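Here is the file my_file_37.txt (compact mmCIF, C-alpha atoms).
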```
# COMPACT_ATOMS: atom_id res chain seq x y z
CA MET A 1 180.29 61.51 109.67
CA ASN A 2 177.23 59.91 108.09
CA ALA A 3 174.52 62.29 109.28
CA ARG A 4 173.02 64.51 106.57
CA LEU A 5 173.24 67.49 108.92
CA ALA A 6 175.32 67.79 112.06
CA LEU A 7 176.92 70.28 114.40
CA GLU A 8 180.05 69.25 116.27
CA LEU A 9 181.72 71.12 119.10
CA GLN A 10 185.14 69.82 120.05
CA HIS A 11 186.70 71.07 123.30
CA ILE A 12 185.44 74.63 122.80
CA GLY A 13 186.69 77.20 125.29
CA CYS A 14 186.17 80.96 125.50
CA ALA A 15 187.22 83.66 127.94
CA TYR A 16 186.37 87.30 128.36
CA GLY A 17 189.75 88.83 129.20
CA ALA A 18 191.12 86.77 132.08
CA ARG A 19 187.66 85.44 133.07
CA PRO A 20 186.83 82.07 131.52
CA LEU A 21 183.25 81.85 130.19
CA PHE A 22 183.20 78.15 129.33
CA ARG A 23 185.80 75.51 128.59
CA ASP A 24 186.16 72.06 127.09
CA LEU A 25 182.66 72.05 125.59
CA SER A 26 182.14 69.01 123.34
CA LEU A 27 178.96 67.64 121.81
CA ARG A 28 177.30 66.53 118.59
CA VAL A 29 173.83 67.48 117.40
CA THR A 30 172.20 65.97 114.32
CA ALA A 31 169.29 66.76 112.00
CA GLY A 32 165.94 67.09 113.73
CA GLN A 33 167.43 68.09 117.08
CA VAL A 34 167.16 71.33 119.02
CA LEU A 35 170.13 72.39 121.11
CA VAL A 36 169.28 74.81 123.92
CA ILE A 37 171.98 76.85 125.65
CA THR A 38 171.03 78.27 129.04
CA GLY A 39 172.90 79.93 131.85
CA ALA A 40 172.94 83.03 134.01
CA ASN A 41 173.44 86.48 132.51
CA GLY A 42 177.06 86.84 131.49
CA SER A 43 177.65 83.08 131.38
CA GLY A 44 178.53 83.21 127.67
CA LYS A 45 175.36 82.14 125.85
CA SER A 46 175.55 84.87 123.21
CA THR A 47 179.32 84.40 122.96
CA LEU A 48 178.81 80.72 122.18
CA ILE A 49 176.23 81.59 119.52
CA ARG A 50 178.70 84.07 117.98
CA VAL A 51 181.35 81.35 117.98
CA LEU A 52 178.95 78.97 116.23
CA CYS A 53 178.21 81.43 113.45
CA GLY A 54 181.84 82.43 113.02
CA LEU A 55 181.67 86.01 114.26
CA GLN A 56 184.04 85.18 117.10
CA ARG A 57 186.87 82.67 117.31
CA PRO A 58 187.06 80.39 120.34
CA GLN A 59 190.28 80.45 122.37
CA HIS A 60 190.30 76.65 122.26
CA GLY A 61 188.69 73.92 120.24
CA GLU A 62 186.84 73.65 116.97
CA VAL A 63 183.30 74.02 115.64
CA ARG A 64 182.29 71.93 112.63
CA TRP A 65 179.13 72.20 110.55
CA TRP A 66 178.26 69.18 108.40
CA ARG A 67 175.91 69.10 105.43
CA ASP A 68 175.61 66.14 103.06
CA GLY A 69 179.07 64.89 103.95
CA VAL A 70 180.72 68.31 103.54
CA MET A 71 182.35 69.83 106.64
CA ARG A 72 182.80 73.56 107.10
CA ALA A 73 184.20 75.80 109.79
CA PRO A 74 181.72 78.46 110.96
CA ALA A 75 183.29 81.30 108.94
CA ALA A 76 182.75 79.33 105.73
CA ALA A 77 179.29 78.07 106.62
CA ASN A 78 177.41 81.39 106.34
CA ALA A 79 175.26 80.14 103.48
CA TRP A 80 173.99 77.33 105.71
CA ILE A 81 173.20 79.40 108.79
CA GLY A 82 170.36 81.74 109.70
CA TRP A 83 171.00 83.89 112.77
CA VAL A 84 168.51 85.84 114.86
CA ALA A 85 169.84 87.82 117.81
CA PRO A 86 169.44 91.16 119.53
CA ASP A 87 172.96 91.88 118.15
CA VAL A 88 171.67 91.68 114.59
CA GLN A 89 170.47 95.10 113.55
CA LEU A 90 169.04 95.75 110.11
CA TYR A 91 169.14 99.05 108.22
CA ARG A 92 166.76 101.52 109.86
CA GLU A 93 166.81 103.94 106.95
CA LEU A 94 165.63 101.22 104.53
CA THR A 95 162.17 99.69 104.33
CA ALA A 96 161.58 96.08 105.37
CA ARG A 97 161.31 95.03 101.72
CA GLU A 98 164.52 96.90 100.81
CA ASN A 99 166.31 95.14 103.68
CA LEU A 100 165.15 91.75 102.42
CA GLN A 101 166.07 92.61 98.82
CA PHE A 102 169.51 93.77 99.93
CA PHE A 103 170.29 90.67 101.97
CA ALA A 104 168.94 88.38 99.26
CA ARG A 105 171.12 90.02 96.64
CA VAL A 106 174.34 90.00 98.68
CA ARG A 107 173.72 86.33 99.47
CA GLY A 108 173.36 85.63 95.77
CA ILE A 109 169.86 84.26 96.01
CA SER A 110 166.99 85.07 93.72
CA ARG A 111 163.48 85.66 95.03
CA HIS A 112 160.65 87.17 93.07
CA ALA A 113 158.68 90.02 94.62
CA GLY A 114 155.94 87.64 95.77
CA GLY A 115 158.56 85.67 97.69
CA PHE A 116 159.37 88.68 99.88
CA ASP A 117 155.68 89.30 100.52
CA ALA A 118 155.17 85.66 101.51
CA LEU A 119 158.11 85.85 103.88
CA LEU A 120 156.77 89.05 105.45
CA ASP A 121 153.35 87.41 105.80
CA ASP A 122 154.96 84.39 107.48
CA VAL A 123 156.41 86.56 110.24
CA GLY A 124 153.29 88.69 110.64
CA LEU A 125 154.52 91.79 108.80
CA GLY A 126 152.20 91.53 105.83
CA GLY A 127 151.25 94.97 104.54
CA ARG A 128 154.12 96.69 106.37
CA GLY A 129 156.87 95.88 103.89
CA ASP A 130 157.16 99.42 102.56
CA ASP A 131 157.60 101.04 105.97
CA ARG A 132 161.06 102.08 107.00
CA LEU A 133 162.54 100.22 109.96
CA ALA A 134 162.91 103.49 111.84
CA ALA A 135 159.12 103.38 112.17
CA TYR A 136 159.09 99.76 113.41
CA SER A 137 158.62 98.77 117.03
CA SER A 138 161.27 96.53 118.60
CA GLY A 139 158.93 93.54 118.24
CA MET A 140 158.42 94.21 114.52
CA GLN A 141 162.16 94.50 114.05
CA GLN A 142 162.56 91.13 115.75
CA ARG A 143 160.03 89.64 113.32
CA LEU A 144 161.96 91.09 110.39
CA ARG A 145 165.14 89.49 111.75
CA TYR A 146 163.39 86.14 111.33
CA ALA A 147 162.44 87.00 107.75
CA CYS A 148 166.07 87.89 107.00
CA ALA A 149 167.36 84.74 108.68
CA LEU A 150 165.03 82.57 106.57
CA LEU A 151 165.75 84.33 103.24
CA HIS A 152 168.22 81.70 102.09
CA ASP A 153 166.28 78.79 103.57
CA PRO A 154 169.14 77.68 105.85
CA PRO A 155 169.22 74.20 107.40
CA PHE A 156 170.79 75.57 110.60
CA LEU A 157 169.08 78.24 112.71
CA LEU A 158 170.81 80.04 115.56
CA LEU A 159 168.33 81.88 117.79
CA ASP A 160 169.66 84.08 120.58
CA GLU A 161 166.85 85.15 122.94
CA PRO A 162 164.33 84.16 120.24
CA THR A 163 161.19 85.72 121.71
CA VAL A 164 162.66 88.85 123.25
CA THR A 165 160.40 91.89 122.61
CA LEU A 166 157.78 89.73 120.84
CA ASP A 167 154.09 89.84 121.72
CA ALA A 168 151.96 86.70 122.16
CA ARG A 169 151.34 86.38 118.41
CA GLY A 170 155.02 86.83 117.71
CA VAL A 171 155.83 84.08 120.22
CA ASP A 172 153.39 81.84 118.36
CA VAL A 173 155.12 82.64 115.07
CA VAL A 174 158.45 81.56 116.57
CA ALA A 175 156.96 78.38 118.06
CA ARG A 176 155.54 77.42 114.64
CA LEU A 177 158.85 78.21 112.98
CA ILE A 178 160.80 76.01 115.39
CA ALA A 179 158.30 73.17 114.97
CA ALA A 180 158.48 73.42 111.17
CA ARG A 181 162.25 73.82 110.89
CA ARG A 182 163.39 71.22 113.39
CA ARG A 183 162.08 68.42 111.17
CA HIS A 184 164.61 69.13 108.45
CA GLY A 185 167.39 71.00 110.21
CA ILE A 186 169.20 71.82 113.42
CA ILE A 187 168.12 74.66 115.70
CA VAL A 188 170.29 76.20 118.40
CA ILE A 189 168.54 78.40 120.97
CA ALA A 190 170.22 80.56 123.62
CA THR A 191 167.67 81.44 126.26
CA ASN A 192 166.78 81.82 129.90
CA ASP A 193 163.07 81.26 129.29
CA PRO A 194 161.98 77.90 130.80
CA ARG A 195 159.26 77.54 128.12
CA GLU A 196 161.89 77.63 125.39
CA GLU A 197 163.96 75.01 127.20
CA GLN A 198 161.09 72.56 126.76
CA VAL A 199 161.77 72.12 123.05
CA ALA A 200 165.34 70.96 123.73
CA ASP A 201 166.76 67.62 122.72
CA VAL A 202 170.18 68.59 124.03
CA ILE A 203 170.84 71.24 126.68
CA ILE A 204 174.03 73.05 127.54
CA ARG A 205 173.84 74.75 130.91
CA LEU A 206 176.76 77.11 130.92
CA GLY A 207 178.51 77.04 134.22
CA GLN A 208 177.61 73.32 134.45
CA ALA A 209 178.46 70.22 132.42
CA ALA A 210 176.48 69.60 129.23
CA HIS A 211 173.93 66.76 129.29
CA MET B 1 156.44 78.64 107.52
CA SER B 2 159.10 78.31 104.90
CA SER B 3 158.59 79.68 101.45
CA SER B 4 161.54 77.83 100.07
CA ASP B 5 159.71 76.99 96.86
CA SER B 6 160.30 80.55 95.63
CA VAL B 7 163.98 80.61 96.57
CA ARG B 8 166.81 79.85 94.24
CA PRO B 9 169.65 78.48 96.36
CA PRO B 10 172.55 80.77 97.21
CA THR B 11 175.67 80.74 95.12
CA GLU B 12 177.96 78.71 97.33
CA ALA B 13 181.18 79.56 95.60
CA ALA B 14 181.33 83.33 95.60
CA GLY B 15 182.47 83.76 92.02
CA TRP B 16 183.40 87.13 90.58
CA ARG B 17 179.97 87.60 89.08
CA HIS B 18 178.34 87.20 92.48
CA ILE B 19 180.95 89.43 94.14
CA LEU B 20 180.32 92.20 91.61
CA ASP B 21 176.56 91.90 91.97
CA ALA B 22 176.82 91.90 95.77
CA SER B 23 179.14 94.92 95.67
CA LEU B 24 176.61 96.74 93.50
CA ALA B 25 173.94 95.93 96.11
CA VAL B 26 176.21 97.37 98.84
CA PHE B 27 176.81 100.49 96.71
CA ILE B 28 173.07 101.00 96.08
CA LYS B 29 172.34 100.46 99.77
CA GLU B 30 174.96 103.10 100.69
CA VAL B 31 173.57 105.61 98.18
CA ARG B 32 169.99 105.00 99.32
CA SER B 33 170.97 105.42 102.98
CA GLU B 34 172.99 108.55 102.23
CA VAL B 35 170.19 110.14 100.22
CA ARG B 36 167.83 109.55 103.15
CA THR B 37 170.15 110.62 105.97
CA ARG B 38 172.72 112.87 104.23
CA TYR B 39 175.13 112.05 107.04
CA ALA B 40 178.41 112.11 105.14
CA LEU B 41 177.44 114.42 102.29
CA ASN B 42 176.39 117.31 104.51
CA ALA B 43 179.50 116.99 106.65
CA ILE B 44 182.06 116.91 103.85
CA LEU B 45 180.42 119.54 101.66
CA LEU B 46 179.97 121.97 104.56
CA PHE B 47 183.58 121.42 105.58
CA ALA B 48 184.91 121.90 102.05
CA VAL B 49 182.78 124.96 101.30
CA SER B 50 183.51 126.67 104.62
CA THR B 51 187.26 126.03 104.28
CA ILE B 52 187.55 127.39 100.76
CA VAL B 53 185.27 130.35 101.42
CA ALA B 54 187.23 131.21 104.59
CA VAL B 55 190.53 130.96 102.71
CA SER B 56 189.23 133.09 99.84
CA LEU B 57 187.90 135.74 102.22
CA GLY B 58 191.12 135.75 104.24
CA LEU B 59 193.56 135.89 101.35
CA GLY B 60 191.53 137.41 98.56
CA PRO B 61 192.72 136.91 95.02
CA ILE B 62 196.53 136.62 95.16
CA ALA B 63 198.25 138.40 92.33
CA PRO B 64 201.09 136.37 90.75
CA ARG B 65 203.57 139.20 91.13
CA ARG B 66 203.23 139.04 94.92
CA ASN B 67 204.44 135.45 95.15
CA PRO B 68 206.34 133.36 92.60
CA ASP B 69 205.31 130.14 94.38
CA LEU B 70 201.66 131.04 94.03
CA PRO B 71 200.56 127.91 92.04
CA LEU B 72 202.12 125.65 94.66
CA ILE B 73 200.40 127.51 97.50
CA GLN B 74 197.06 127.42 95.71
CA ALA B 75 197.41 123.70 94.98
CA ALA B 76 198.29 122.99 98.62
CA LEU B 77 195.24 124.94 99.81
CA LEU B 78 192.97 122.97 97.48
CA TRP B 79 194.32 119.59 98.53
CA MET B 80 194.20 120.47 102.24
CA ALA B 81 190.52 121.38 101.85
CA ILE B 82 189.81 118.10 100.02
CA LEU B 83 191.86 116.01 102.48
CA PHE B 84 190.26 117.30 105.67
CA ALA B 85 186.76 117.19 104.20
CA ALA B 86 187.45 113.61 103.11
CA PHE B 87 188.62 112.75 106.64
CA THR B 88 185.26 113.86 108.02
CA GLY B 89 183.19 111.84 105.55
CA LEU B 90 184.94 108.83 104.05
CA ALA B 91 185.23 106.87 107.29
CA ARG B 92 181.50 107.11 107.92
CA THR B 93 180.58 104.15 105.71
CA PHE B 94 182.23 101.72 108.12
CA ILE B 95 181.73 103.66 111.35
CA GLN B 96 178.00 103.82 110.65
CA GLU B 97 177.86 100.02 110.29
CA GLU B 98 179.54 99.52 113.67
CA ASP B 99 177.59 102.26 115.48
CA ALA B 100 174.24 101.04 114.15
CA ARG B 101 175.29 97.42 114.87
CA THR B 102 174.49 96.35 111.31
CA ALA B 103 178.06 95.16 110.68
CA ALA B 104 177.45 91.66 112.07
CA ALA B 105 174.56 90.95 109.68
CA LEU B 106 176.60 92.36 106.80
CA ARG B 107 179.61 90.19 107.75
CA LEU B 108 177.53 87.03 107.83
CA ALA B 109 175.68 87.62 104.57
CA THR B 110 178.18 89.35 102.29
CA PRO B 111 181.55 88.29 100.85
CA ALA B 112 184.21 90.61 102.31
CA LEU B 113 185.43 91.62 98.87
CA ALA B 114 181.93 92.76 97.88
CA VAL B 115 181.73 94.91 101.03
CA PHE B 116 185.05 96.56 100.20
CA LEU B 117 184.19 97.17 96.55
CA GLY B 118 180.71 98.51 97.32
CA LYS B 119 182.04 100.87 99.99
CA ALA B 120 184.97 101.94 97.80
CA TRP B 121 182.62 102.78 94.93
CA PHE B 122 180.42 104.78 97.26
CA ASN B 123 183.45 106.65 98.63
CA THR B 124 184.56 107.33 95.04
CA LEU B 125 181.17 108.88 94.31
CA LEU B 126 181.30 110.91 97.52
CA LEU B 127 184.86 112.12 96.91
CA GLY B 128 184.04 112.84 93.26
CA LEU B 129 181.24 115.17 94.38
CA LEU B 130 183.46 116.73 97.03
CA THR B 131 186.34 117.28 94.61
CA THR B 132 184.08 118.77 91.93
CA VAL B 133 182.47 121.23 94.38
CA SER B 134 185.79 122.11 96.03
CA ALA B 135 187.63 122.62 92.73
CA THR B 136 184.83 124.76 91.29
CA LEU B 137 184.73 126.99 94.38
CA PHE B 138 188.53 127.11 94.39
CA LEU B 139 188.71 128.26 90.77
CA VAL B 140 185.94 130.83 91.18
CA LEU B 141 186.52 132.27 94.64
CA LEU B 142 190.32 132.34 94.55
CA ARG B 143 190.24 133.37 90.86
CA VAL B 144 192.73 130.71 89.91
CA GLY B 145 193.50 130.49 86.24
CA VAL B 146 194.15 126.94 85.08
CA ALA B 147 195.87 126.65 81.71
CA ASP B 148 194.51 123.19 80.85
CA LEU B 149 191.33 122.05 82.61
CA VAL B 150 191.70 118.48 81.31
CA GLN B 151 195.13 118.15 82.93
CA PHE B 152 193.75 119.72 86.11
CA GLY B 153 190.82 117.27 86.11
CA ALA B 154 193.09 114.28 85.48
CA VAL B 155 195.30 115.17 88.47
CA LEU B 156 192.26 115.61 90.71
CA ALA B 157 190.69 112.33 89.51
CA LEU B 158 193.84 110.24 90.01
CA GLY B 159 194.65 111.92 93.33
CA SER B 160 191.11 111.27 94.55
CA ALA B 161 191.31 107.62 93.43
CA GLY B 162 194.43 107.16 95.55
CA LEU B 163 192.75 108.91 98.47
CA VAL B 164 189.74 106.57 98.27
CA ALA B 165 191.89 103.43 97.96
CA ALA B 166 193.88 104.32 101.08
CA THR B 167 191.14 105.74 103.28
CA THR B 168 188.54 103.01 102.65
CA LEU B 169 190.82 100.36 104.15
CA ILE B 170 191.87 102.64 107.01
CA ALA B 171 188.19 103.39 107.72
CA ALA B 172 187.53 99.65 108.07
CA ILE B 173 190.48 99.35 110.47
CA ILE B 174 189.46 102.23 112.74
CA ALA B 175 185.69 101.59 112.74
CA ARG B 176 185.88 99.32 115.78
CA ALA B 177 188.33 101.52 117.71
CA SER B 178 187.30 104.03 120.37
CA ALA B 179 189.55 107.02 119.48
CA ARG B 180 188.61 106.91 115.81
CA GLY B 181 189.28 110.52 114.82
CA ALA B 182 192.85 110.52 116.05
CA LEU B 183 193.51 107.00 114.78
CA PHE B 184 192.22 107.82 111.30
CA ALA B 185 194.60 110.77 111.02
CA VAL B 186 197.53 108.85 112.53
CA LEU B 187 197.15 105.85 110.19
CA SER B 188 196.39 107.98 107.14
CA PHE B 189 199.30 110.39 107.51
CA PRO B 190 202.18 108.06 106.48
CA LEU B 191 200.10 106.48 103.72
CA LEU B 192 198.80 109.70 102.23
CA THR B 193 201.91 111.89 102.50
CA PRO B 194 203.52 110.63 99.25
CA LEU B 195 200.19 110.95 97.43
CA LEU B 196 199.65 114.50 98.65
CA VAL B 197 203.17 115.65 97.80
CA VAL B 198 202.82 114.42 94.22
CA ALA B 199 199.21 115.61 93.87
CA ILE B 200 200.05 119.12 95.10
CA ARG B 201 203.04 119.44 92.76
CA ALA B 202 201.10 118.06 89.81
CA THR B 203 198.18 120.43 90.49
CA ALA B 204 200.62 123.34 90.66
CA LEU B 205 202.04 122.32 87.27
CA THR B 206 198.56 122.33 85.73
CA ILE B 207 197.94 125.81 87.16
CA GLU B 208 201.25 127.04 85.74
CA GLY B 209 200.41 125.48 82.39
CA VAL B 210 202.78 122.77 81.18
CA THR B 211 202.79 120.27 78.33
CA TRP B 212 201.34 116.76 78.64
CA ALA B 213 204.89 115.45 78.48
CA ALA B 214 205.74 117.40 81.63
CA ILE B 215 202.60 116.39 83.53
CA GLY B 216 202.92 112.73 82.43
CA PRO B 217 205.34 111.46 85.13
CA PRO B 218 203.35 112.81 88.12
CA LEU B 219 200.16 111.43 86.58
CA GLN B 220 201.83 108.02 86.25
CA ILE B 221 202.93 108.15 89.89
CA LEU B 222 199.39 109.04 91.00
CA ALA B 223 197.93 106.20 88.91
CA ALA B 224 200.52 103.73 90.22
CA TYR B 225 199.79 104.80 93.80
CA ALA B 226 196.05 104.32 93.30
CA VAL B 227 196.51 100.87 91.72
CA ALA B 228 199.01 99.74 94.38
CA LEU B 229 196.85 100.90 97.29
CA PHE B 230 193.69 99.48 95.74
CA THR B 231 195.38 96.10 95.20
CA ALA B 232 196.82 96.05 98.72
CA SER B 233 193.42 97.00 100.14
CA LEU B 234 191.73 94.19 98.19
CA LEU B 235 194.23 91.69 99.59
CA LEU B 236 194.12 92.95 103.17
CA PHE B 237 190.46 93.84 103.56
CA GLU B 238 189.17 90.35 104.39
CA VAL B 239 191.65 90.05 107.27
CA VAL B 240 190.67 93.48 108.62
CA TRP B 241 186.91 92.98 108.17
CA GLU B 242 186.75 89.56 109.76
CA ALA B 243 189.27 90.19 112.56
```
Will you turn the file into structure tokens for me?
Amino acid sequence: MNARLALELQHIGCAYGARPLFRDLSLRVTAGQVLVITGANGSGKSTLIRVLCGLQRPQHGEVRWWRDGVMRAPAAANAWIGWVAPDVQLYRELTARENLQFFARVRGISRHAGGFDALLDDVGLGGRGDDRLAAYSSGMQQRLRYACALLHDPPFLLLDEPTVTLDARGVDVVARLIAARRRHGIIVIATNDPREEQVADVIIRLGQAAH
Amino acid sequence: MSSSDSVRPPTEAAGWRHILDASLAVFIKEVRSEVRTRYALNAILLFAVSTIVAVSLGLGPIAPRRNPDLPLIQAALLWMAILFAAFTGLARTFIQEEDARTAAALRLATPALAVFLGKAWFNTLLLGLLTTVSATLFLVLLRVGVADLVQFGAVLALGSAGLVAATTLIAAIIARASARGALFAVLSFPLLTPLLVVAIRATALTIEGVTWAAIGPPLQILAAYAVALFTASLLLFEVVWEA
């Protein structure tokens, strides 16, 4: 494996009880590419994202993340991955800034106070950092998920329904983020939105063969 | 978009220093959340206070001449109040993470050991408060005379440490189950029975008033239990948390 960054799926298969979601999924994505996963509701898009970030084990096959010649299984690659999904809830009783400080500290990264403000500005939450999440709309919470996912500057971004609940400006923020990040990393998007499919270099249509 | 210039890269190998710092962050987050919601604190304190007040009103001060086993009965009442109040509150730290769906983000960002240590420290604080309030009410309302308060405090501290070590791991196990209340009691019972038997007898000895030489063996058993359970929990937690 010579690529600086790569994601490899080797014969991945998952089932929900007795019902198979997908099977024998194999592909390789390298730095600069966007992988889009589409499929009908219940086809296993979110499950595949959870497999990629190590929150769920596949019934078959292996996922491998590569960075500078080092290979890691998903469970050991947390420091490399940023994950945004409706499943990811942050702490409602804490403020946005406290959430960022908490996740930065548990990840073992150091950011000065201005760093958190810059991150909040980037996702359009400038000036709202001291509000508790309980007072945030669903769109603002989605923006904060992006801030949390970018805290450790990960080379791999996993975005499940990336623009759900976002307004037009939020959608723009995500579009800029994808454009900026894809140059130096790998982005995986699970979506049913045709506009988001357009950024794909590789598409997996669950229920059909990958192409 | 990225502000990576202000970021110092994450510690890839989660060394002990990082684990301790991350566990402190988890502890502070728990305290901050609890201060703002008072979910667990209200539940366990109300339970403990209402139990001891109800017992004191029902029994009244029991004169020693009416029952030679009085210290044992009093000790059992105290530990039952602490145990059931602890059942209502100590599992909340993990159940809350699952119910609020914050557990996934915590799993991805935090070393498992740091989660366990942070939650265990928070439960220690919570149980420390509970035990202090319960023991004070117990001594005042039931008019219990303790010969040596230091001995009494040592038994309560070591018993509570064992209780935290056992229940924190069990709380992590049951957090993702549906029948949590029943499961918590079922899993806790065999683990906590030896602890409670020794803690009740040791508390009774401190009420009776014995020498440090006499209270030494039960204290050693309580300490050994706490260390053994804490070590086992440290070893098993990662498997439970990431299952």
Quiz item: For Ile28 in chain B, which residue among A:Leu52, A:Leu5, A:Val106, A:Cys14 is the nearest when counting all atoms listed in the file?
Solution: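 Among the listed residues, the smallest separation from Ile28 in chain B belongs to A:Val106.
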Practice problem: Tell me the residues of chain A close to chain B, meaning within 7 Å using all atoms listed in the file, as a PyMOL selection string. | Solution: chain A and resi 78-79+87-91+93-94+102-103+105-111+115+118-119+122+152-153+177+180
Practice problem: Please provide the set of residues having any atom within 10 Å of Gly207 in chain A, restricted to all atoms listed in the file, with same-chain residues fewer than 2 positions apart removed, written as a PyMOL selection string. | Solution: chain A and resi 21-23+38-40+43-44+204-205+209-210
Practice problem: Dump as a PyMOL selection string all residues having an atom at most 7 Å from (170.1, 80.6, 121.3), computed in the file's coordinates with all atoms listed in the file. | Solution: chain A and resi 36-37+49+158-162+188-191
Exercise. Please provide as a list of chain:residue names all residues within 6 Å of range 133-138 of chain A, with the sequence filter that same-chain residues fewer than 3 positions apart are discarded (counting only C-alpha atoms).
Key: A:Arg92, A:Thr95, A:Gln141
Quiz item: So, counting all atoms listed in the file, which residue among A:Leu150, A:Leu35, A:Ala18, A:Ala6 is closest to Val70 in chain A?
Solution: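 Using all atoms listed in the file, Val70 in chain A sits closest to A:Ala6.
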Quiz item: Counting all atoms listed in the file, which of B:Ile73, B:Ala81, B:Leu191, B:Ala43 gets nearest to Gly162 in chain B?
Solution: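 Selected residue with least distance to Gly162 in chain B: B:Leu191.
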Exercise. Give me, please, the distance in Å between CA of Tyr225 in chain B and CA of Leu149 in chain B, quoted to one decimal.
Key: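 Result for CA of Tyr225 in chain B versus CA of Leu149 in chain B: 22.2 Å, one decimal.
Minimum distance to Asn123 in chain B across B:Ile207, B:Leu156, B:Val164, B:Val197 (counting all atoms listed in the file) occurs at B:Val164.
CA of Lys45 in chain A sits 18.6 Å away from CA of Trp65 in chain A.
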Exercise. Could you check how far CA of Ile215 in chain B sits from CA of Thr168 in chain B, in Å to one decimal?
Key: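 Atom-to-atom, CA of Ile215 in chain B to CA of Thr168 in chain B, that is 27.2 Å.
Within 10 Å of Phe94 in chain B, once only C-alpha atoms are used and residues closer than 4 positions along the same chain are dropped, the contacting residues are Leu90, Glu98, Asp99, Thr102, Ala103, Val115, Phe116, Lys119, Thr168, Leu169, Ile170, Ala171, Ala172, Ile173, Ile174, Ala175, Arg176 and Trp241 of chain B.
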